[in-house]
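Have a look at model.cif; it's mmCIF, C-alpha atoms:
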data_run
#
loop_
_atom_site.label_atom_id
_atom_site.label_comp_id
_atom_site.auth_asym_id
_atom_site.auth_seq_id
_atom_site.Cartn_x
_atom_site.Cartn_y
_atom_site.Cartn_z
CA MET B 1277 36.92 20.82 30.90
CA SER B 1278 35.06 17.53 30.84
CA LYS B 1279 35.95 14.77 28.41
CA ARG B 1280 32.82 15.50 26.41
CA GLN B 1281 33.70 19.19 26.11
CA LYS B 1282 37.27 18.33 25.08
CA ALA B 1283 35.93 15.97 22.41
CA LYS B 1284 33.58 18.66 21.07
CA LEU B 1285 36.43 21.19 21.01
CA SER B 1286 38.67 18.73 19.20
CA ARG B 1287 36.03 18.06 16.55
CA GLY B 1288 35.42 21.79 16.14
CA ILE B 1289 39.12 22.40 15.54
CA GLN B 1290 39.26 19.59 12.98
CA TYR B 1291 36.26 20.96 11.12
CA ALA B 1292 37.76 24.46 11.16
CA VAL B 1293 41.04 23.17 9.72
CA LEU B 1294 39.17 21.35 6.94
CA VAL B 1295 37.20 24.50 6.10
CA VAL B 1296 40.38 26.58 5.98
CA ILE B 1297 42.07 24.03 3.69
CA ALA B 1298 39.02 23.97 1.39
CA ILE B 1299 38.98 27.79 1.19
CA ILE B 1300 42.71 27.92 0.40
CA ILE B 1301 42.30 25.33 -2.38
CA ALA B 1302 39.32 27.22 -3.78
CA LEU B 1303 41.24 30.50 -3.83
CA VAL B 1304 44.54 29.16 -5.16
CA ALA B 1305 43.22 26.77 -7.85
CA ASP B 1306 43.10 27.97 -11.46
CA TRP B 1307 39.43 27.20 -12.02
CA PRO B 1308 39.15 28.36 -15.66
CA THR B 1309 42.02 26.06 -16.66
CA LEU B 1310 40.67 23.18 -14.56
CA ILE B 1311 37.21 23.49 -16.10
CA ASP B 1312 38.63 23.74 -19.62
CA THR B 1313 40.84 20.67 -19.02
CA PHE B 1314 38.53 18.42 -17.03
CA GLY B 1315 35.05 19.88 -17.37
CA ARG B 1316 34.23 20.42 -21.04
CA PHE B 1317 30.49 19.79 -21.14
CA ASP B 1318 30.40 19.40 -24.92
CA ILE B 1319 33.01 16.60 -24.82
CA ALA B 1320 31.23 14.84 -21.97
CA VAL B 1321 27.88 14.94 -23.80
CA GLY B 1322 29.55 13.62 -26.95
CA MET B 1323 30.51 10.42 -25.13
CA PHE B 1324 26.87 9.47 -24.62
CA PRO B 1325 25.19 7.08 -25.15
CA ASP B 1326 28.21 4.94 -26.14
CA VAL B 1327 29.80 5.25 -22.71
CA ILE B 1328 26.72 3.62 -21.15
CA THR B 1329 25.44 1.25 -23.84
CA GLY B 1330 28.92 0.10 -24.83
CA ALA B 1331 31.77 0.72 -22.42
CA LEU B 1332 29.86 0.49 -19.14
CA LYS B 1333 28.03 -2.60 -20.33
CA ASN B 1334 31.28 -4.28 -21.38
CA THR B 1335 32.91 -3.46 -18.04
CA VAL B 1336 30.02 -5.07 -16.19
CA VAL B 1337 30.10 -8.14 -18.47
CA PHE B 1338 33.88 -8.58 -18.05
CA THR B 1339 33.59 -8.20 -14.29
CA VAL B 1340 30.69 -10.62 -13.86
CA LEU B 1341 32.28 -13.30 -16.04
CA GLY B 1342 35.65 -12.93 -14.34
CA PHE B 1343 34.06 -13.02 -10.90
CA ALA B 1344 32.02 -16.14 -11.73
CA LEU B 1345 35.09 -18.00 -13.03
CA GLY B 1346 37.21 -16.76 -10.13
CA LEU B 1347 34.63 -17.89 -7.57
CA ALA B 1348 34.45 -21.37 -9.12
CA ILE B 1349 38.25 -21.71 -9.11
CA ALA B 1350 38.49 -20.24 -5.60
CA LEU B 1351 36.04 -22.77 -4.18
CA VAL B 1352 38.07 -25.67 -5.55
CA VAL B 1353 41.36 -24.16 -4.38
CA ALA B 1354 39.97 -23.40 -0.91
CA LEU B 1355 38.78 -26.99 -0.49
CA MET B 1356 42.20 -28.22 -1.65
CA ARG B 1357 43.81 -25.87 0.87
CA LEU B 1358 41.78 -27.52 3.65
CA SER B 1359 42.25 -31.05 2.35
CA SER B 1360 43.86 -33.74 4.46
CA VAL B 1361 45.91 -34.74 1.40
CA GLY B 1362 49.27 -32.99 1.56
CA VAL B 1363 49.75 -32.73 -2.23
CA TYR B 1364 46.44 -30.88 -2.61
CA ARG B 1365 47.39 -28.43 0.14
CA TRP B 1366 50.78 -27.75 -1.43
CA LEU B 1367 49.32 -27.21 -4.90
CA ALA B 1368 46.66 -24.86 -3.50
CA THR B 1369 49.25 -22.91 -1.50
CA ILE B 1370 51.53 -22.54 -4.54
CA TYR B 1371 48.59 -21.38 -6.67
CA ILE B 1372 47.44 -18.82 -4.10
CA GLU B 1373 50.89 -17.39 -3.43
CA PHE B 1374 51.75 -17.29 -7.14
CA PHE B 1375 48.70 -15.36 -8.29
CA ARG B 1376 48.59 -13.13 -5.21
CA GLY B 1377 52.20 -12.19 -5.85
CA LEU B 1378 51.81 -11.40 -9.55
CA PRO B 1379 50.57 -7.95 -10.63
CA ALA B 1380 47.27 -8.18 -12.49
CA LEU B 1381 48.92 -6.42 -15.44
CA VAL B 1382 51.37 -9.32 -15.85
CA VAL B 1383 48.52 -11.84 -15.89
CA PHE B 1384 46.77 -9.89 -18.65
CA LEU B 1385 49.97 -9.62 -20.69
CA VAL B 1386 50.71 -13.33 -20.39
CA MET B 1387 47.16 -14.32 -21.30
CA GLY B 1388 46.91 -11.87 -24.18
CA PHE B 1389 50.37 -12.07 -25.70
CA GLY B 1390 52.23 -14.93 -24.05
CA LEU B 1391 49.84 -17.79 -24.84
CA PRO B 1392 49.73 -17.14 -28.62
CA VAL B 1393 53.54 -17.22 -28.65
CA ALA B 1394 53.76 -20.37 -26.51
CA PHE B 1395 51.00 -22.15 -28.46
CA PRO B 1396 50.99 -20.97 -32.10
CA GLY B 1397 47.60 -21.20 -33.68
CA PHE B 1398 45.85 -21.44 -30.31
CA ILE B 1399 43.78 -18.26 -30.35
CA LEU B 1400 41.07 -17.58 -27.82
CA PRO B 1401 38.34 -14.95 -28.21
CA GLN B 1402 39.24 -11.75 -26.42
CA LEU B 1403 36.25 -12.05 -24.10
CA VAL B 1404 37.50 -15.46 -22.96
CA ILE B 1405 41.02 -14.11 -22.43
CA ILE B 1406 39.73 -11.25 -20.28
CA MET B 1407 37.46 -13.59 -18.32
CA ILE B 1408 40.32 -16.03 -17.60
CA ALA B 1409 42.73 -13.23 -16.65
CA LEU B 1410 40.24 -11.66 -14.23
CA GLY B 1411 39.31 -15.10 -12.89
CA LEU B 1412 42.93 -15.96 -12.15
CA VAL B 1413 43.58 -12.58 -10.56
CA SER B 1414 40.58 -12.80 -8.24
CA SER B 1415 40.54 -16.52 -7.46
CA ALA B 1416 43.66 -16.50 -5.28
CA TYR B 1417 42.22 -13.83 -3.00
CA MET B 1418 38.73 -15.33 -2.92
CA ALA B 1419 40.17 -18.77 -2.13
CA GLU B 1420 41.66 -17.46 1.11
CA THR B 1421 38.40 -15.67 1.91
CA ILE B 1422 36.41 -18.88 1.39
CA ARG B 1423 38.90 -20.88 3.44
CA ALA B 1424 38.56 -18.41 6.31
CA GLY B 1425 34.76 -18.57 6.04
CA ILE B 1426 34.75 -22.36 6.19
CA GLN B 1427 37.02 -22.35 9.22
CA ALA B 1428 34.75 -19.78 10.90
CA VAL B 1429 31.86 -22.26 10.92
CA PRO B 1430 31.87 -24.03 14.31
CA LYS B 1431 33.36 -27.52 14.12
CA GLY B 1432 30.33 -28.79 16.00
CA GLN B 1433 28.33 -28.37 12.80
CA ILE B 1434 30.47 -30.96 11.03
CA GLU B 1435 30.51 -33.25 14.05
CA ALA B 1436 26.72 -33.12 14.27
CA ALA B 1437 26.38 -33.88 10.54
CA ARG B 1438 28.83 -36.76 10.81
CA SER B 1439 26.95 -38.17 13.79
CA LEU B 1440 23.84 -38.29 11.59
CA GLY B 1441 25.68 -40.48 9.13
CA MET B 1442 26.63 -37.87 6.54
CA SER B 1443 29.88 -38.27 4.63
CA SER B 1444 32.53 -35.58 4.92
CA SER B 1445 31.87 -34.26 1.43
CA ARG B 1446 28.11 -34.16 1.92
CA ALA B 1447 28.50 -32.38 5.26
CA MET B 1448 30.81 -29.86 3.62
CA PHE B 1449 28.48 -29.03 0.72
CA THR B 1450 25.15 -29.18 2.54
CA ILE B 1451 26.02 -27.90 6.02
CA VAL B 1452 29.31 -26.00 6.09
CA LEU B 1453 29.49 -24.19 2.74
CA PRO B 1454 26.00 -22.60 2.92
CA GLN B 1455 26.89 -21.13 6.33
CA ALA B 1456 30.38 -20.12 5.18
CA MET B 1457 28.99 -18.30 2.13
CA ARG B 1458 26.77 -16.17 4.37
CA ILE B 1459 29.83 -15.18 6.40
CA ILE B 1460 32.01 -14.32 3.40
CA LEU B 1461 29.42 -12.38 1.39
CA PRO B 1462 30.73 -8.94 2.51
CA PRO B 1463 34.40 -9.63 1.60
CA LEU B 1464 33.32 -11.24 -1.68
CA THR B 1465 31.41 -8.06 -2.50
CA ASN B 1466 34.58 -6.08 -1.81
CA GLU B 1467 36.45 -8.42 -4.15
CA LEU B 1468 33.85 -7.71 -6.83
CA ILE B 1469 34.55 -3.99 -6.44
CA LEU B 1470 38.29 -4.56 -6.83
CA LEU B 1471 37.68 -6.75 -9.86
CA THR B 1472 35.59 -4.03 -11.46
CA LYS B 1473 38.60 -1.73 -11.29
CA ASP B 1474 40.99 -4.46 -12.44
CA SER B 1475 38.85 -4.91 -15.55
CA SER B 1476 40.28 -1.58 -16.75
CA LEU B 1477 43.50 -3.48 -17.59
CA ALA B 1478 41.68 -5.11 -20.50
CA TYR B 1479 42.51 -2.03 -22.58
CA ILE B 1480 46.12 -3.23 -23.01
CA LEU B 1481 44.86 -6.13 -25.13
CA GLY B 1482 43.30 -3.79 -27.66
CA SER B 1483 39.72 -4.09 -28.81
CA SER B 1484 37.26 -3.16 -31.47
CA VAL B 1485 35.01 -0.16 -30.96
CA ASP B 1486 32.16 -2.42 -29.83
CA GLY B 1487 34.43 -4.30 -27.41
CA ARG B 1488 35.81 -1.33 -25.51
CA GLU B 1489 35.36 -1.13 -21.78
CA LEU B 1490 35.47 2.11 -19.80
CA ALA B 1491 39.25 2.55 -19.65
CA ALA B 1492 39.71 1.84 -23.38
CA LEU B 1493 36.92 4.23 -24.34
CA GLY B 1494 38.28 6.94 -22.04
CA ARG B 1495 41.77 6.58 -23.52
CA ALA B 1496 40.43 6.79 -27.08
CA GLU B 1497 38.30 9.84 -26.29
CA ILE B 1498 41.21 11.62 -24.63
CA VAL B 1499 43.34 11.10 -27.73
CA ASN B 1500 40.55 12.25 -30.06
CA SER B 1501 39.60 15.33 -28.05
CA ALA B 1502 43.05 16.25 -26.67
CA ASN B 1503 41.25 16.90 -23.41
CA LEU B 1504 41.00 15.14 -20.04
CA THR B 1505 37.24 15.50 -19.59
CA PRO B 1506 36.70 11.82 -20.56
CA PHE B 1507 38.65 10.91 -17.41
CA ILE B 1508 35.93 12.50 -15.29
CA VAL B 1509 33.12 10.82 -17.24
CA ILE B 1510 34.81 7.42 -16.93
CA ALA B 1511 35.44 7.96 -13.21
CA LEU B 1512 31.75 8.73 -12.67
CA CYS B 1513 30.81 5.55 -14.55
CA TYR B 1514 33.03 3.47 -12.29
CA LEU B 1515 31.39 5.11 -9.30
CA ILE B 1516 27.98 4.13 -10.68
CA ILE B 1517 29.13 0.51 -10.29
CA THR B 1518 31.25 0.64 -7.15
CA VAL B 1519 29.20 2.90 -4.86
CA PRO B 1520 26.10 0.65 -4.85
CA LEU B 1521 28.37 -2.37 -4.36
CA SER B 1522 30.05 -0.66 -1.41
CA TYR B 1523 26.65 0.05 0.12
CA LEU B 1524 25.63 -3.57 -0.47
CA SER B 1525 28.82 -4.74 1.22
CA ARG B 1526 28.04 -2.67 4.32
CA VAL B 1527 24.49 -4.02 4.44
CA LEU B 1528 25.69 -7.60 4.10
CA GLU B 1529 28.36 -7.03 6.73
CA LYS B 1530 25.74 -5.89 9.23
CA LYS B 1531 23.51 -8.85 8.42
CA TYR B 1532 26.00 -11.69 7.90
CA GLY B 1533 29.23 -10.27 9.25
CA SER B 1534 29.86 -12.91 11.89
CA ALA B 1535 29.97 -16.64 12.22
CA ASP B 1536 27.08 -16.50 14.70
CA SER B 1537 24.79 -14.97 12.09
CA GLY B 1538 25.57 -17.82 9.76
CA VAL B 1539 24.41 -20.51 12.15
CA LYS B 1540 21.13 -19.02 13.33
#
Same coordinates, now as structure tokens:
Amino acid sequence: MSKRQKAKLSRGIQYAVLVVIAIIIALVADWPTLIDTFGRFDIAVGMFPDVITGALKNTVVFTVLGFALGLAIALVVALMRLSSVGVYRWLATIYIEFFRGLPALVVFLVMGFGLPVAFPGFILPQLVIIMIALGLVSSAYMAETIRAGIQAVPKGQIEAARSLGMSSSRAMFTIVLPQAMRIILPPLTNELILLTKDSSLAYILGSSVDGRELAALGRAEIVNSANLTPFIVIALCYLIITVPLSYLSRVLEKKYGSADSGVK
């Protein structure tokens, strides 16, 4: 057999195995119980429109605010990481390793319950707490992404800018960073997807009915209905956010996925 025929045979076998597995699952699964537990149409309908106008909206707001703060912090930390001043590099490295090593849940707990204990009377609005927690969680990862993007820009760009009389800071902000941002757009979009899912941790802080995000609403609906259908509704809502972002990430990766594309 030729290599092409062997490849076709291999794919055919793989497809056949997948079909057999799907048939076995379909025959063995207890569909009436599954539908009653996860697919109650009346419970799903009862979650609308609040799940869209309230929970989904709040999830998007939390994510966007956290991403904006995280990006601002990450840019500063990335520049410190590349600084010629040793103290700045050490502080940036400590910050990155600290927040990359901490679970996001711990950051939320510290921000929500640790700060009021450490600073009595210092109470921040819950939206601010969530924004800061998400910003801290994402900034450490985005800082390394930005640093890698800056280093991916050819050094000749800086040398050319310097030869024209630009200062180092001006060359960085007018020449290097615009090119670096084009390179890092795909990974930043992936970080936005991860942050969308991390926003579900906001439920541990508690919230009013109007302040619930998707995870908090789903948890409340499960308790009220004694059914797991809200899990499916909430999962679909997360997919409404993440699937378009994933597609956008692939498009950006094709367009700006290399250093060469950033310097054209």
Each residue of range 1411-1508 of chain B with at least one atom at most 10 Å from range 1324-1334 of chain B should appear once, together with its nearest atom pair and the corresponding distance in Å (one decimal); atoms considered: all atoms listed in the file; ordering: chain, then increasing residue number; output as JSON lines.
{"residue": "B:Ser1475", "atom": "CA", "partner": "B:Asn1334", "partner_atom": "CA", "distance": 9.6}
{"residue": "B:Val1485", "atom": "CA", "partner": "B:Gly1330", "partner_atom": "CA", "distance": 8.6}
{"residue": "B:Asp1486", "atom": "CA", "partner": "B:Gly1330", "partner_atom": "CA", "distance": 6.5}
{"residue": "B:Gly1487", "atom": "CA", "partner": "B:Asn1334", "partner_atom": "CA", "distance": 6.8}
{"residue": "B:Arg1488", "atom": "CA", "partner": "B:Ala1331", "partner_atom": "CA", "distance": 5.5}
{"residue": "B:Glu1489", "atom": "CA", "partner": "B:Ala1331", "partner_atom": "CA", "distance": 4.1}
{"residue": "B:Leu1490", "atom": "CA", "partner": "B:Ala1331", "partner_atom": "CA", "distance": 4.7}
{"residue": "B:Ala1491", "atom": "CA", "partner": "B:Ala1331", "partner_atom": "CA", "distance": 8.2}
{"residue": "B:Ala1492", "atom": "CA", "partner": "B:Ala1331", "partner_atom": "CA", "distance": 8.1}
{"residue": "B:Leu1493", "atom": "CA", "partner": "B:Ala1331", "partner_atom": "CA", "distance": 6.5}
{"residue": "B:Gly1494", "atom": "CA", "partner": "B:Val1327", "partner_atom": "CA", "distance": 8.7}
{"residue": "B:Pro1506", "atom": "CA", "partner": "B:Val1327", "partner_atom": "CA", "distance": 9.8}
Taking C-alpha atoms for each residue, export the selection above as a PDB file, in the frame of the given file.
ATOM      1  CA  SER B1475      38.850  -4.910 -15.550  1.00  0.00           C
ATOM      2  CA  VAL B1485      35.010  -0.160 -30.960  1.00  0.00           C
ATOM      3  CA  ASP B1486      32.160  -2.420 -29.830  1.00  0.00           C
ATOM      4  CA  GLY B1487      34.430  -4.300 -27.410  1.00  0.00           C
ATOM      5  CA  ARG B1488      35.810  -1.330 -25.510  1.00  0.00           C
ATOM      6  CA  GLU B1489      35.360  -1.130 -21.780  1.00  0.00           C
ATOM      7  CA  LEU B1490      35.470   2.110 -19.800  1.00  0.00           C
ATOM      8  CA  ALA B1491      39.250   2.550 -19.650  1.00  0.00           C
ATOM      9  CA  ALA B1492      39.710   1.840 -23.380  1.00  0.00           C
ATOM     10  CA  LEU B1493      36.920   4.230 -24.340  1.00  0.00           C
ATOM     11  CA  GLY B1494      38.280   6.940 -22.040  1.00  0.00           C
ATOM     12  CA  PRO B1506      36.700  11.820 -20.560  1.00  0.00           C
TER      13      PRO B1506
END
A straight line from CA of Met1448 in chain B to CA of Ile1434 in chain B spans 7.5 Å
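The smallest atom-to-atom distance between Glu1467 in chain B and any of B:Ile1319, B:Leu1521, B:Ile1311, B:Ala1298, using only C-alpha atoms, is found for B:Leu1521.
Here CA of Tyr1514 in chain B and CA of Asn1466 in chain B stand 14.3 Å from one another.
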Do you have the CA of Phe1375 in chain B-CA of Leu1412 in chain B distance handy? 7.0 Å
In terms of the shortest atom-to-atom distance over all atoms listed in the file, which of B:Ser1525, B:Ile1469, B:Val1499, B:Ile1406 is closest to Ser1483 in chain B?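 Once distances to Ser1483 in chain B are computed over all atoms listed in the file, the minimum belongs to B:Ile1406.
Run against this file, the PyMOL selection byres ((chain B and resi 1353-1368) around 7) gives back Ile1349, Ala1350, Leu1351, Val1352, Thr1369, Ile1370, Tyr1371, Ile1372, Ala1419, Glu1420, Ile1422 and Arg1423 of chain B.
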Give me, as an MDAnalysis selection string, all polymer residues having an atom no more than 7 Å from Leu1528 in chain B, counting all atoms listed in the file and skipping those fewer than 4 positions away in the same chain. chainID B and resid 1461:1462 1524 1532:1533
Output C-alpha atoms of each residue in that selection to a file, as a PDB file, in the frame of the given file.
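Below is the file result11.pdb, written as the result:
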ATOM      1  CA  LEU B1461      29.420 -12.380   1.390  1.00  0.00           C
ATOM      2  CA  PRO B1462      30.730  -8.940   2.510  1.00  0.00           C
ATOM      3  CA  LEU B1524      25.630  -3.570  -0.470  1.00  0.00           C
ATOM      4  CA  TYR B1532      26.000 -11.690   7.900  1.00  0.00           C
ATOM      5  CA  GLY B1533      29.230 -10.270   9.250  1.00  0.00           C
TER       6      GLY B1533
END
With all atoms listed in the file as the basis for distance, which of B:Leu1341, B:Met1457, B:Leu1385, B:Leu1347 is at the shortest distance from Val1404 in chain B?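 Going through B:Leu1341, B:Met1457, B:Leu1385, B:Leu1347 one by one, the smallest distance to Val1404 in chain B is for B:Leu1341.
In terms of minimum interatomic distance to Gly1342 in chain B, B:Lys1473 ranks closest within B:Lys1473, B:Arg1526, B:Lys1531, B:Arg1446, counting all atoms listed in the file.
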Is there a way to complete range 1463-1494 of chain B with N, CA and C atoms and then write that out as a short mmCIF file (atom, residue, chain, number, x, y, z; two decimals), keeping the file's coordinate frame?
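The resulting file, out.cif, is shown below:
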data_model
loop_
_atom_site.label_atom_id
_atom_site.label_comp_id
_atom_site.auth_asym_id
_atom_site.auth_seq_id
_atom_site.Cartn_x
_atom_site.Cartn_y
_atom_site.Cartn_z
N PRO B 1463 33.10 -9.71 2.27
CA PRO B 1463 34.40 -9.63 1.60
C PRO B 1463 34.35 -10.01 0.13
N LEU B 1464 33.44 -10.91 -0.26
CA LEU B 1464 33.32 -11.24 -1.68
C LEU B 1464 32.78 -10.04 -2.46
N THR B 1465 31.90 -9.27 -1.84
CA THR B 1465 31.41 -8.06 -2.50
C THR B 1465 32.54 -7.06 -2.68
N ASN B 1466 33.41 -6.95 -1.68
CA ASN B 1466 34.58 -6.08 -1.81
C ASN B 1466 35.49 -6.55 -2.94
N GLU B 1467 35.64 -7.87 -3.07
CA GLU B 1467 36.45 -8.42 -4.15
C GLU B 1467 35.84 -8.09 -5.51
N LEU B 1468 34.53 -8.08 -5.58
CA LEU B 1468 33.85 -7.71 -6.83
C LEU B 1468 34.15 -6.26 -7.19
N ILE B 1469 34.22 -5.39 -6.19
CA ILE B 1469 34.55 -3.99 -6.44
C ILE B 1469 35.98 -3.87 -6.99
N LEU B 1470 36.91 -4.58 -6.36
CA LEU B 1470 38.29 -4.56 -6.83
C LEU B 1470 38.40 -5.11 -8.25
N LEU B 1471 37.63 -6.15 -8.53
CA LEU B 1471 37.68 -6.75 -9.86
C LEU B 1471 37.12 -5.81 -10.91
N THR B 1472 36.13 -5.02 -10.53
CA THR B 1472 35.59 -4.03 -11.46
C THR B 1472 36.69 -3.06 -11.90
N LYS B 1473 37.51 -2.64 -10.95
CA LYS B 1473 38.60 -1.73 -11.29
C LYS B 1473 39.71 -2.44 -12.06
N ASP B 1474 39.97 -3.70 -11.71
CA ASP B 1474 40.99 -4.46 -12.44
C ASP B 1474 40.59 -4.70 -13.90
N SER B 1475 39.29 -4.69 -14.18
CA SER B 1475 38.85 -4.91 -15.55
C SER B 1475 39.35 -3.81 -16.49
N SER B 1476 39.76 -2.67 -15.92
CA SER B 1476 40.28 -1.58 -16.75
C SER B 1476 41.57 -1.98 -17.46
N LEU B 1477 42.27 -3.02 -16.95
CA LEU B 1477 43.50 -3.48 -17.59
C LEU B 1477 43.25 -4.16 -18.92
N ALA B 1478 41.99 -4.46 -19.23
CA ALA B 1478 41.68 -5.11 -20.50
C ALA B 1478 42.06 -4.23 -21.70
N TYR B 1479 42.21 -2.93 -21.46
CA TYR B 1479 42.51 -2.03 -22.58
C TYR B 1479 43.86 -2.33 -23.22
N ILE B 1480 44.80 -2.95 -22.46
CA ILE B 1480 46.12 -3.23 -23.01
C ILE B 1480 46.07 -4.31 -24.08
N LEU B 1481 44.99 -5.08 -24.13
CA LEU B 1481 44.86 -6.13 -25.13
C LEU B 1481 44.36 -5.58 -26.46
N GLY B 1482 43.89 -4.34 -26.46
CA GLY B 1482 43.30 -3.79 -27.66
C GLY B 1482 41.90 -4.33 -27.84
N SER B 1483 41.09 -3.64 -28.59
CA SER B 1483 39.72 -4.09 -28.81
C SER B 1483 39.10 -3.31 -29.95
N SER B 1484 38.04 -3.87 -30.47
CA SER B 1484 37.26 -3.16 -31.47
C SER B 1484 36.44 -2.08 -30.76
N VAL B 1485 35.81 -1.23 -31.55
CA VAL B 1485 35.01 -0.16 -30.96
C VAL B 1485 33.89 -0.74 -30.10
N ASP B 1486 33.27 -1.81 -30.58
CA ASP B 1486 32.16 -2.42 -29.83
C ASP B 1486 32.64 -3.14 -28.58
N GLY B 1487 33.92 -3.54 -28.55
CA GLY B 1487 34.43 -4.30 -27.41
C GLY B 1487 35.13 -3.48 -26.36
N ARG B 1488 35.11 -2.17 -26.48
CA ARG B 1488 35.81 -1.33 -25.51
C ARG B 1488 35.10 -1.32 -24.17
N GLU B 1489 35.91 -1.38 -23.11
CA GLU B 1489 35.36 -1.13 -21.78
C GLU B 1489 35.66 0.31 -21.41
N LEU B 1490 35.40 0.69 -20.17
CA LEU B 1490 35.47 2.11 -19.80
C LEU B 1490 36.86 2.71 -19.99
N ALA B 1491 37.90 2.00 -19.54
CA ALA B 1491 39.25 2.55 -19.65
C ALA B 1491 39.66 2.73 -21.10
N ALA B 1492 39.34 1.75 -21.96
CA ALA B 1492 39.71 1.84 -23.38
C ALA B 1492 38.97 2.99 -24.06
N LEU B 1493 37.68 3.13 -23.75
CA LEU B 1493 36.92 4.23 -24.34
C LEU B 1493 37.46 5.57 -23.87
N GLY B 1494 37.75 5.68 -22.57
CA GLY B 1494 38.28 6.94 -22.04
C GLY B 1494 39.60 7.31 -22.70
#
